[in-house]
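Accompanying notes for the structure given below.
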Amino acid sequence: QVQLVESGGGLVQPGGSLRLSCTASGRIFSINVMAWYRQAPGKQRELVANIPSSGSAYYSHSVRGRFTISRDNAKNTWYLQMNSLKPEDAAVYYCNAILLNTMSYWGQGTQVTVSS
(Lines give C-alpha, C1' and ligand atoms only; values in the text may rest on other atoms or scores of the structure.)
Protein backbone atom coordinates (compact mmCIF):
# COMPACT_ATOMS: atom_id res chain seq x y z
CA GLN A 1 0.00 0.00 0.00
CA VAL A 2 1.04 3.56 -0.71
CA GLN A 3 -0.22 6.52 1.24
CA LEU A 4 0.07 10.17 0.29
CA VAL A 5 -0.34 12.82 2.97
CA GLU A 6 -0.73 16.47 2.04
CA SER A 7 -0.27 19.54 4.17
CA GLY A 8 -0.06 23.28 3.81
CA GLY A 9 -3.49 24.34 2.67
CA GLY A 10 -5.43 27.15 4.28
CA LEU A 11 -6.84 30.62 3.89
CA VAL A 12 -4.78 33.31 2.21
CA GLN A 13 -5.52 36.77 0.87
CA PRO A 14 -5.26 37.51 -2.84
CA GLY A 15 -1.65 38.09 -3.73
CA GLY A 16 -0.45 35.91 -0.91
CA SER A 17 1.52 32.67 -0.91
CA LEU A 18 1.12 29.13 0.31
CA ARG A 19 3.32 26.06 0.14
CA LEU A 20 1.78 22.64 -0.18
CA SER A 21 3.64 19.47 0.69
CA CYS A 22 2.93 15.85 -0.13
CA THR A 23 4.77 12.92 1.38
CA ALA A 24 4.46 9.38 0.15
CA SER A 25 4.98 6.32 2.31
CA GLY A 26 4.53 2.61 2.02
CA ARG A 27 5.65 0.18 -0.66
CA ILE A 28 7.47 2.68 -2.79
CA PHE A 29 10.50 1.86 -4.84
CA SER A 30 10.56 4.91 -6.99
CA ILE A 31 8.09 7.59 -7.94
CA ASN A 32 8.22 8.45 -11.62
CA VAL A 33 5.94 11.46 -11.75
CA MET A 34 4.88 13.68 -8.87
CA ALA A 35 1.98 15.98 -9.54
CA TRP A 36 -0.55 18.40 -8.15
CA TYR A 37 -4.16 18.62 -9.28
CA ARG A 38 -6.97 20.82 -8.10
CA GLN A 39 -10.73 20.74 -8.16
CA ALA A 40 -12.95 23.73 -7.63
CA PRO A 41 -16.66 23.36 -6.81
CA GLY A 42 -18.62 22.38 -9.88
CA LYS A 43 -15.52 21.89 -11.99
CA GLN A 44 -13.51 18.92 -13.11
CA ARG A 45 -10.24 18.04 -11.48
CA GLU A 46 -7.42 19.62 -13.43
CA LEU A 47 -3.69 19.14 -13.58
CA VAL A 48 -1.82 22.06 -12.06
CA ALA A 49 1.78 20.93 -12.36
CA ASN A 50 3.86 17.82 -12.52
CA ILE A 51 7.49 16.94 -12.30
CA PRO A 52 8.97 13.74 -13.71
CA SER A 53 11.95 11.90 -12.29
CA SER A 54 13.92 13.26 -15.21
CA GLY A 55 13.02 16.12 -17.46
CA SER A 56 11.31 19.41 -17.01
CA ALA A 57 8.33 20.30 -14.92
CA TYR A 58 4.99 21.04 -16.57
CA TYR A 59 2.65 23.84 -15.50
CA SER A 60 -0.85 24.60 -16.61
CA HIS A 61 -1.23 27.89 -18.38
CA SER A 62 -3.21 29.39 -15.52
CA VAL A 63 -0.42 28.96 -12.95
CA ARG A 64 2.72 29.25 -15.02
CA GLY A 65 5.04 31.88 -13.61
CA ARG A 66 3.29 31.91 -10.22
CA PHE A 67 3.55 28.31 -9.00
CA THR A 68 6.65 26.16 -8.66
CA ILE A 69 6.71 22.42 -8.21
CA SER A 70 9.74 20.71 -6.70
CA ARG A 71 10.60 17.29 -5.37
CA ASP A 72 12.88 15.72 -2.79
CA ASN A 73 13.36 12.13 -3.89
CA ALA A 74 15.20 11.12 -0.74
CA LYS A 75 12.13 12.06 1.30
CA ASN A 76 9.51 10.95 -1.25
CA THR A 77 8.12 14.44 -0.87
CA TRP A 78 7.09 17.08 -3.34
CA TYR A 79 6.00 20.64 -2.96
CA LEU A 80 3.91 23.26 -4.66
CA GLN A 81 4.96 26.81 -3.94
CA MET A 82 2.06 29.06 -4.84
CA ASN A 83 2.69 32.77 -5.15
CA SER A 84 0.50 35.66 -6.24
CA LEU A 85 -2.58 33.66 -5.45
CA LYS A 86 -5.84 34.66 -7.05
CA PRO A 87 -9.43 33.91 -5.99
CA GLU A 88 -9.70 31.57 -8.98
CA ASP A 89 -6.91 29.43 -7.49
CA ALA A 90 -9.22 28.42 -4.66
CA ALA A 91 -9.88 24.70 -4.79
CA VAL A 92 -9.14 21.41 -3.14
CA TYR A 93 -5.60 20.50 -4.13
CA TYR A 94 -4.68 16.85 -4.54
CA CYS A 95 -1.25 15.36 -4.88
CA ASN A 96 -0.72 12.43 -7.19
CA ALA A 97 2.11 9.97 -7.61
CA ILE A 98 2.73 7.67 -10.54
CA LEU A 99 5.18 4.94 -9.74
CA LEU A 100 7.55 3.25 -12.14
CA ASN A 101 5.10 0.35 -12.34
CA THR A 102 2.51 2.89 -13.58
CA MET A 103 0.34 2.58 -10.48
CA SER A 104 -1.22 5.92 -9.54
CA TYR A 105 -2.03 7.12 -6.04
CA TRP A 106 -3.84 10.16 -4.67
CA GLY A 107 -3.71 12.19 -1.53
CA GLN A 108 -6.82 13.06 0.44
CA GLY A 109 -6.85 16.69 -0.69
CA THR A 110 -6.17 19.95 1.07
CA GLN A 111 -8.34 23.04 0.83
CA VAL A 112 -6.91 26.29 -0.47
CA THR A 113 -9.10 29.35 0.01
CA VAL A 114 -8.13 32.69 -1.48
CA SER A 115 -10.24 35.48 -0.11
CA SER A 116 -9.93 38.88 1.47
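Lettering and numbering for the C-alpha coordinates are positional, with chains as A, B, ... in the shown order, residues counted from 1 in each chain, and ligands counted from 1 in the shown order.
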
Practice problem: Fewer than 6 positions away in the same chain doesn't count, so skip those; otherwise give me all residues within 9 Å of segment 12-17 of chain A, counting only C-alpha atoms, as a PyMOL selection string. | Solution: chain A and resi 81-87+112-116

Quiz item: So which residues of chain A fall under strand (DSSP E) by DSSP, listed as a PyMOL selection string?
Solution: chain A and resi 2-7+10-12+18-26+31-39+46-52+58-59+67-72+77-82+91-99+104-106+110-114

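Around Pro41 of chain A, within 10 Å and counting only C-alpha atoms, the residues found are A:Ala90, A:Ala91, A:Val92, once anything fewer than 5 positions away on its own chain is removed.
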
Quiz prompt | 7 Å contact set for Ala35 of chain A, only C-alpha atoms, chain neighbours under 6 positions out, as a PyMOL selection string | solution = chain A and resi 49-51+95-97

Could you please take those selected residues and save N, CA and C atoms as an mmCIF file, in the first residue's frame?
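Listing of result.cif after writing:
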data_model
loop_
_atom_site.group_PDB
_atom_site.id
_atom_site.type_symbol
_atom_site.label_atom_id
_atom_site.label_comp_id
_atom_site.auth_asym_id
_atom_site.auth_seq_id
_atom_site.Cartn_x
_atom_site.Cartn_y
_atom_site.Cartn_z
ATOM 1 N N ALA A 49 0.354 21.033 -12.040
ATOM 2 C CA ALA A 49 1.775 20.927 -12.362
ATOM 3 C C ALA A 49 2.220 19.504 -12.096
ATOM 4 N N ASN A 50 3.229 19.084 -12.834
ATOM 5 C CA ASN A 50 3.860 17.817 -12.516
ATOM 6 C C ASN A 50 5.350 17.891 -12.778
ATOM 7 N N ILE A 51 6.049 16.968 -12.147
ATOM 8 C CA ILE A 51 7.495 16.935 -12.303
ATOM 9 C C ILE A 51 7.924 15.484 -12.407
ATOM 10 N N CYS A 95 -2.507 15.824 -4.320
ATOM 11 C CA CYS A 95 -1.253 15.364 -4.879
ATOM 12 C C CYS A 95 -1.460 13.976 -5.491
ATOM 13 N N ASN A 96 -0.629 13.681 -6.445
ATOM 14 C CA ASN A 96 -0.716 12.432 -7.189
ATOM 15 C C ASN A 96 0.686 11.903 -7.442
ATOM 16 N N ALA A 97 0.829 10.601 -7.331
ATOM 17 C CA ALA A 97 2.111 9.974 -7.613
ATOM 18 C C ALA A 97 1.901 8.836 -8.590
#

Exercise. For Asp72 of chain A, work out the shell of residues within 12 Å, counting only C-alpha atoms and skipping chain neighbours fewer than 4 positions away, then give it as a ChimeraX atom specification.
Key: /A:21-24,30-31,34,51-53,76-80

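Nearest residue to Met103 of chain A, choosing from A:Val63, A:Val5, A:Ile28, A:Ser70 and counting only C-alpha atoms: A:Ile28.
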
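Within chain A, DSSP run on the backbone puts these residues in helix (DSSP H, G or I): Asn73, Ala74, Lys75, Pro87, Glu88 and Asp89 of chain A.
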
Dump of N, CA, C and O atoms for the selected residues, as a JSON list (two decimals), in the first residue's frame:
[["chain", "number", "residue", "atom", "x", "y", "z"],
["A", 73, "ASN", "N", 13.50, 13.57, -3.70],
["A", 73, "ASN", "CA", 13.36, 12.13, -3.89],
["A", 73, "ASN", "C", 13.75, 11.35, -2.64],
["A", 73, "ASN", "O", 13.16, 10.30, -2.35],
["A", 74, "ALA", "N", 14.74, 11.84, -1.93],
["A", 74, "ALA", "CA", 15.20, 11.12, -0.74],
["A", 74, "ALA", "C", 14.10, 11.04, 0.31],
["A", 74, "ALA", "O", 14.06, 10.09, 1.11],
["A", 75, "LYS", "N", 13.22, 12.02, 0.31],
["A", 75, "LYS", "CA", 12.13, 12.06, 1.30],
["A", 75, "LYS", "C", 10.80, 11.64, 0.70],
["A", 75, "LYS", "O", 9.78, 11.67, 1.41],
["A", 87, "PRO", "N", -8.21, 34.59, -6.44],
["A", 87, "PRO", "CA", -9.43, 33.91, -5.99],
["A", 87, "PRO", "C", -9.75, 32.67, -6.84],
["A", 87, "PRO", "O", -10.26, 31.67, -6.30],
["A", 88, "GLU", "N", -9.41, 32.72, -8.13],
["A", 88, "GLU", "CA", -9.70, 31.57, -8.98],
["A", 88, "GLU", "C", -8.77, 30.38, -8.73],
["A", 88, "GLU", "O", -8.97, 29.30, -9.29],
["A", 89, "ASP", "N", -7.76, 30.56, -7.89],
["A", 89, "ASP", "CA", -6.91, 29.43, -7.49],
["A", 89, "ASP", "C", -7.53, 28.62, -6.36],
["A", 89, "ASP", "O", -7.04, 27.54, -6.03]]

Exercise. Tell me, in Å to one decimal, how far atom CA of Ser62 of chain A is from atom CA of Leu47 of chain A.
Key: 10.4 Å

Quiz prompt | Shell of 6 Å around Tyr37 of chain A, only C-alpha atoms, local chain residues under 6 positions omitted, as a list in words | solution = Glu46, Leu47, Val48, Tyr93 and Tyr94 of chain A

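The two atoms in question, atom CA of Gly109 of chain A and atom CA of Ser56 of chain A, are spaced 24.6 Å apart.
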